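K.L.:
Here you go, one structure.
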Amino acid sequence: MTQREIEMKATPEEKRKNNLIRRWKIIQGIRQYFLGQNFVEVETPYLVPSPGMEPHLSALELYCTHADGSRIKKYLHTSPEYGMKKLLGQGWEKIFQVCRVFRDGEVSHTHQIEFTMLEWYRAHADYKKIMEDCEGLLRYLSEEVLGVQELSYQARKINLSPSFERLRVARAMSLYGGIDVEKNCNSASLLEEARDRGYRFDPNETYSFDDVFFKIFLEAVEPRLGYPHPTLLHDYPASMAALARLKPRNPFWAERFELYIAGLELANAFSELNDPVEQRKRFAEEQRLRAKLGKPVYPIDEELIQALSRMPPSAGIALGVDRLVMLFCDARTIQEVLAFPSI
């Protein structure tokens with residue numbers, strides 16, 4: 001009987017146990033890979049003064065009591081990004097972290113309020129080097145954990161052996177969505193073309209460029225990404241990359257990429273913005289957008305702003321470990337690869 005046949009005959013309890021064993025092997029493999037690449041494993045605080053400004057993320061907040069009885073508001077981090085950038089500003093050059101992060105209101109078959117994140121950063125590098133890291137890490141884990149160069153996820157075969165597909169966002173929107181984003185680079189023209197192409201929008205609603213973009217992307221583009229090879233989808237509109245460096249020759253686009261496998265988004269990466277003046281401006285813009293959306297407006301992390309002035313040109317990435325385990329276990333939901341799902 002093959003290993004696949006054994007797994008098919010396993011009870012739900014046996015499948016969960018096997019998934020958890022594979023999960024812990026993957027996390028061990030992540031550490032082995034990065035230590036073998038001369039990275040340093042670091043720790044940053046989970047309780048932070050500002051959890052991040054991304055308009056569509058919500059943090060969990062709590063109050064801490066000092067010895068003198070005073071109380072101060074803190075947040076559980078949505079990512080260790082700010083802390084790790086502060087370390088880059090202190091002179092660290094190759095760092096990684098596997099930690100728990102928290103995002104309120106995110107529960108689905110691929111989301112949990114509490115989940116596990118892998119982040120790594122390189123000083124004196126750009127997002128192309130992080131792309132190479134993704135290729136190396138995924139191949140290492142597939143060979144060390146599964147002993148294969150091909151994954152089977154939800155009846156899709158994913159080949160990890162050659163270089164991953166590298167696809168510009170503009171090309172993906174044209175190829176799969178039928179939309180020319182480069183020609184239609186404002187909300188009015190993008191909305192007009194989208195309607196001409198048959199995408200449905202409420203005539204009584206107002207839509208931003210990002211609103212229109214994401215409707216097209218989620219409906220037509222995202223499900224087509226990441227097979228038969230993983231896709232590195234790169235160069236996003238700058239409005240969708242508040243922490244990223246802009247493309248030098250065309251600042252409408254930013255040096256951001258996402259990793260997709262079998263239609264599942266696994267990671268988000270940037271050539272990091274290290275201009276403190278520009279970063280403060282972008283944070284202020286996101287504060288205004290959060291207020292417009294009726295979301296809590298978080299304070300700007302002043303220590304991060306100061307660290308950016310000392311941070312060399314750098315690149316970094318956040319990768320969802322639970323989703324990675326889903327792929328390696330051929331699990332349909334994130335709950336199948338967790339010992340204690342939060343909800």
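In the structure tokens, chains take the letters A, B, ... in the order shown, each chain's residues start at 1, and ligands count up from 1 in the order shown.
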Can you list, as a ChimeraX atom specification, all residues belonging to stretch 64-252 of chain A that DSSP tags as helix (DSSP H, G or I)?

P.N.:
/A:81-89,127-146,169-177,187-196,209-224,238-240

K.L.:
Run DSSP on the backbone of this structure and report the residues of stretch 65-270 of chain A it assigns to strand (DSSP E), as number ranges by chain.

P.N.:
A: 65, 71-76, 94-102, 114-123, 150-153, 156-159, 165-168, 231-237, 253-261, 264-270

K.L.:
Print the selection's residues with C-alpha atoms to a file, as a PDB file, in the first residue's frame.

P.N.:
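The file below, result20.pdb, is the result:
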```
ATOM      1  CA  THR A  65      -1.437  48.275  33.958  1.00  0.00           C
ATOM      2  CA  ARG A  71      -3.063  52.071  32.131  1.00  0.00           C
ATOM      3  CA  ILE A  72      -1.801  52.175  28.572  1.00  0.00           C
ATOM      4  CA  LYS A  73      -3.363  50.825  25.387  1.00  0.00           C
ATOM      5  CA  LYS A  74      -1.396  48.169  23.500  1.00  0.00           C
ATOM      6  CA  TYR A  75      -2.120  45.943  20.524  1.00  0.00           C
ATOM      7  CA  LEU A  76      -1.310  42.346  19.647  1.00  0.00           C
ATOM      8  CA  LYS A  94      19.836  38.627   7.558  1.00  0.00           C
ATOM      9  CA  ILE A  95      17.065  37.847  10.053  1.00  0.00           C
ATOM     10  CA  PHE A  96      14.004  35.599  10.275  1.00  0.00           C
ATOM     11  CA  GLN A  97      11.218  34.903  12.739  1.00  0.00           C
ATOM     12  CA  VAL A  98       8.464  32.300  13.150  1.00  0.00           C
ATOM     13  CA  CYS A  99       5.781  33.687  15.448  1.00  0.00           C
ATOM     14  CA  ARG A 100       2.098  33.973  16.251  1.00  0.00           C
ATOM     15  CA  VAL A 101       0.227  36.998  14.900  1.00  0.00           C
ATOM     16  CA  PHE A 102      -3.326  38.232  15.458  1.00  0.00           C
ATOM     17  CA  GLU A 114      -4.505  33.752  15.665  1.00  0.00           C
ATOM     18  CA  PHE A 115      -2.098  32.200  13.185  1.00  0.00           C
ATOM     19  CA  THR A 116       1.572  31.522  12.490  1.00  0.00           C
ATOM     20  CA  MET A 117       3.726  33.778  10.348  1.00  0.00           C
ATOM     21  CA  LEU A 118       7.217  33.406   8.942  1.00  0.00           C
ATOM     22  CA  GLU A 119       8.992  36.648   8.106  1.00  0.00           C
ATOM     23  CA  TRP A 120      12.516  37.185   6.854  1.00  0.00           C
ATOM     24  CA  TYR A 121      14.488  40.266   5.857  1.00  0.00           C
ATOM     25  CA  ARG A 122      17.702  40.962   3.970  1.00  0.00           C
ATOM     26  CA  ALA A 123      19.677  44.188   4.177  1.00  0.00           C
ATOM     27  CA  GLU A 150       5.968  17.985  -6.893  1.00  0.00           C
ATOM     28  CA  LEU A 151       2.978  18.762  -4.673  1.00  0.00           C
ATOM     29  CA  SER A 152      -0.562  17.540  -5.186  1.00  0.00           C
ATOM     30  CA  TYR A 153      -3.065  20.028  -3.808  1.00  0.00           C
ATOM     31  CA  ARG A 156      -3.740  20.025  -8.880  1.00  0.00           C
ATOM     32  CA  LYS A 157      -0.128  19.034  -9.523  1.00  0.00           C
ATOM     33  CA  ILE A 158       2.375  21.740  -8.596  1.00  0.00           C
ATOM     34  CA  ASN A 159       5.922  21.383  -9.895  1.00  0.00           C
ATOM     35  CA  GLU A 165       6.601  31.684 -12.840  1.00  0.00           C
ATOM     36  CA  ARG A 166       7.281  35.433 -12.579  1.00  0.00           C
ATOM     37  CA  LEU A 167       4.262  37.410 -13.723  1.00  0.00           C
ATOM     38  CA  ARG A 168       3.696  41.186 -13.610  1.00  0.00           C
ATOM     39  CA  THR A 231       3.576  32.148  -9.345  1.00  0.00           C
ATOM     40  CA  LEU A 232       5.531  35.162  -8.125  1.00  0.00           C
ATOM     41  CA  LEU A 233       3.078  37.959  -8.965  1.00  0.00           C
ATOM     42  CA  HIS A 234       5.056  41.186  -8.941  1.00  0.00           C
ATOM     43  CA  ASP A 235       4.914  44.978  -9.430  1.00  0.00           C
ATOM     44  CA  TYR A 236       1.683  46.161  -7.811  1.00  0.00           C
ATOM     45  CA  PRO A 237       0.130  49.624  -8.110  1.00  0.00           C
ATOM     46  CA  TRP A 253       4.139  50.711  -9.680  1.00  0.00           C
ATOM     47  CA  ALA A 254       5.835  49.449  -6.528  1.00  0.00           C
ATOM     48  CA  GLU A 255       8.370  46.675  -5.898  1.00  0.00           C
ATOM     49  CA  ARG A 256       5.957  44.275  -4.245  1.00  0.00           C
ATOM     50  CA  PHE A 257       5.224  40.617  -4.998  1.00  0.00           C
ATOM     51  CA  GLU A 258       2.945  37.887  -3.717  1.00  0.00           C
ATOM     52  CA  LEU A 259       3.563  34.143  -3.883  1.00  0.00           C
ATOM     53  CA  TYR A 260       0.679  32.008  -5.142  1.00  0.00           C
ATOM     54  CA  ILE A 261       0.399  28.236  -5.276  1.00  0.00           C
ATOM     55  CA  LEU A 264      -3.778  30.200  -2.715  1.00  0.00           C
ATOM     56  CA  GLU A 265      -1.919  33.357  -1.660  1.00  0.00           C
ATOM     57  CA  LEU A 266       0.982  32.372   0.594  1.00  0.00           C
ATOM     58  CA  ALA A 267       3.250  35.379   0.971  1.00  0.00           C
ATOM     59  CA  ASN A 268       3.556  39.140   0.545  1.00  0.00           C
ATOM     60  CA  ALA A 269       6.956  40.784  -0.049  1.00  0.00           C
ATOM     61  CA  PHE A 270       8.540  44.170  -0.727  1.00  0.00           C
TER      62      PHE A 270
END
```

K.L.:
Residues near A:Arg23, anyone? I mean within 9 Å using only C-alpha atoms, not counting same-chain ones fewer than 2 positions away, as a tab-separated table (two decimals) with C-alpha atoms, in the first residue's frame.

P.N.:
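Contents of result_17.tsv, as written:
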```
chain	number	residue	atom	x	y	z
A	18	ASN	CA	-0.51	13.18	10.63
A	19	ASN	CA	-1.08	16.79	9.58
A	20	LEU	CA	0.28	18.09	12.88
A	21	ILE	CA	3.36	15.89	12.68
A	25	LYS	CA	8.47	18.99	10.57
A	26	ILE	CA	7.83	21.93	8.23
A	27	ILE	CA	8.52	24.46	10.98
A	28	GLN	CA	11.71	22.60	11.89
A	321	VAL	CA	2.89	29.05	7.72
A	322	ASP	CA	-0.59	27.56	8.20
A	324	LEU	CA	1.95	26.41	3.62
A	325	VAL	CA	1.09	23.41	5.81
A	326	MET	CA	-2.31	23.19	4.09
A	328	PHE	CA	1.88	20.12	2.11
A	329	CYS	CA	-1.00	18.20	3.74
A	337	VAL	CA	-3.73	21.72	10.16
A	338	LEU	CA	-4.16	23.31	13.60
```

K.L.:
Give me the residues within 12 Å of A:Phe209 as number ranges by chain, counting only C-alpha atoms and dropping any in the same chain fewer than 4 places off.

P.N.:
A: 181, 184-194, 213-216, 237-240

K.L.:
May I ask which of the residues A:Lys86, A:Leu243, A:Arg249, A:Glu81 is the closest one to A:Glu286, counting only C-alpha atoms?

P.N.:
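The closest residue to A:Glu286 is A:Leu243.
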
K.L.:
Would you pick out the contacts of A:Ala291 at 12 Å or less, using only C-alpha atoms, so that residues sharing its chain but fewer than 6 positions from it are not included, and give the list as number ranges by chain?

P.N.:
A: 53-56, 284-285, 297-298

K.L.:
Find the residue from A:Ser58, A:Gln149, A:Asn38, A:Gln287 that sits nearest to A:Glu106; use only C-alpha atoms when measuring.

P.N.:
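With only C-alpha atoms as the atom set, the closest residue is A:Ser58.
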
K.L.:
Nearest to A:Arg197: which of A:Pro230, A:Lys183, A:Gly177, A:Lys17 is it, counting only C-alpha atoms?

P.N.:
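Of A:Pro230, A:Lys183, A:Gly177, A:Lys17, the one nearest A:Arg197, counting only C-alpha atoms, is A:Gly177.
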
K.L.:
Would you mind telling me which residue in A:His124, A:His229, A:Lys15, A:Arg22 lies nearest to A:Ala315 when using only C-alpha atoms?

P.N.:
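When distances to A:Ala315 are compared using only C-alpha atoms, the smallest one comes from A:His124.
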
K.L.:
How far is it from atom CA of A:Ile300 to atom CA of A:Val48, in Å with one decimal?

P.N.:
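Atom CA of A:Val48 lies 11.3 Å from atom CA of A:Ile300.
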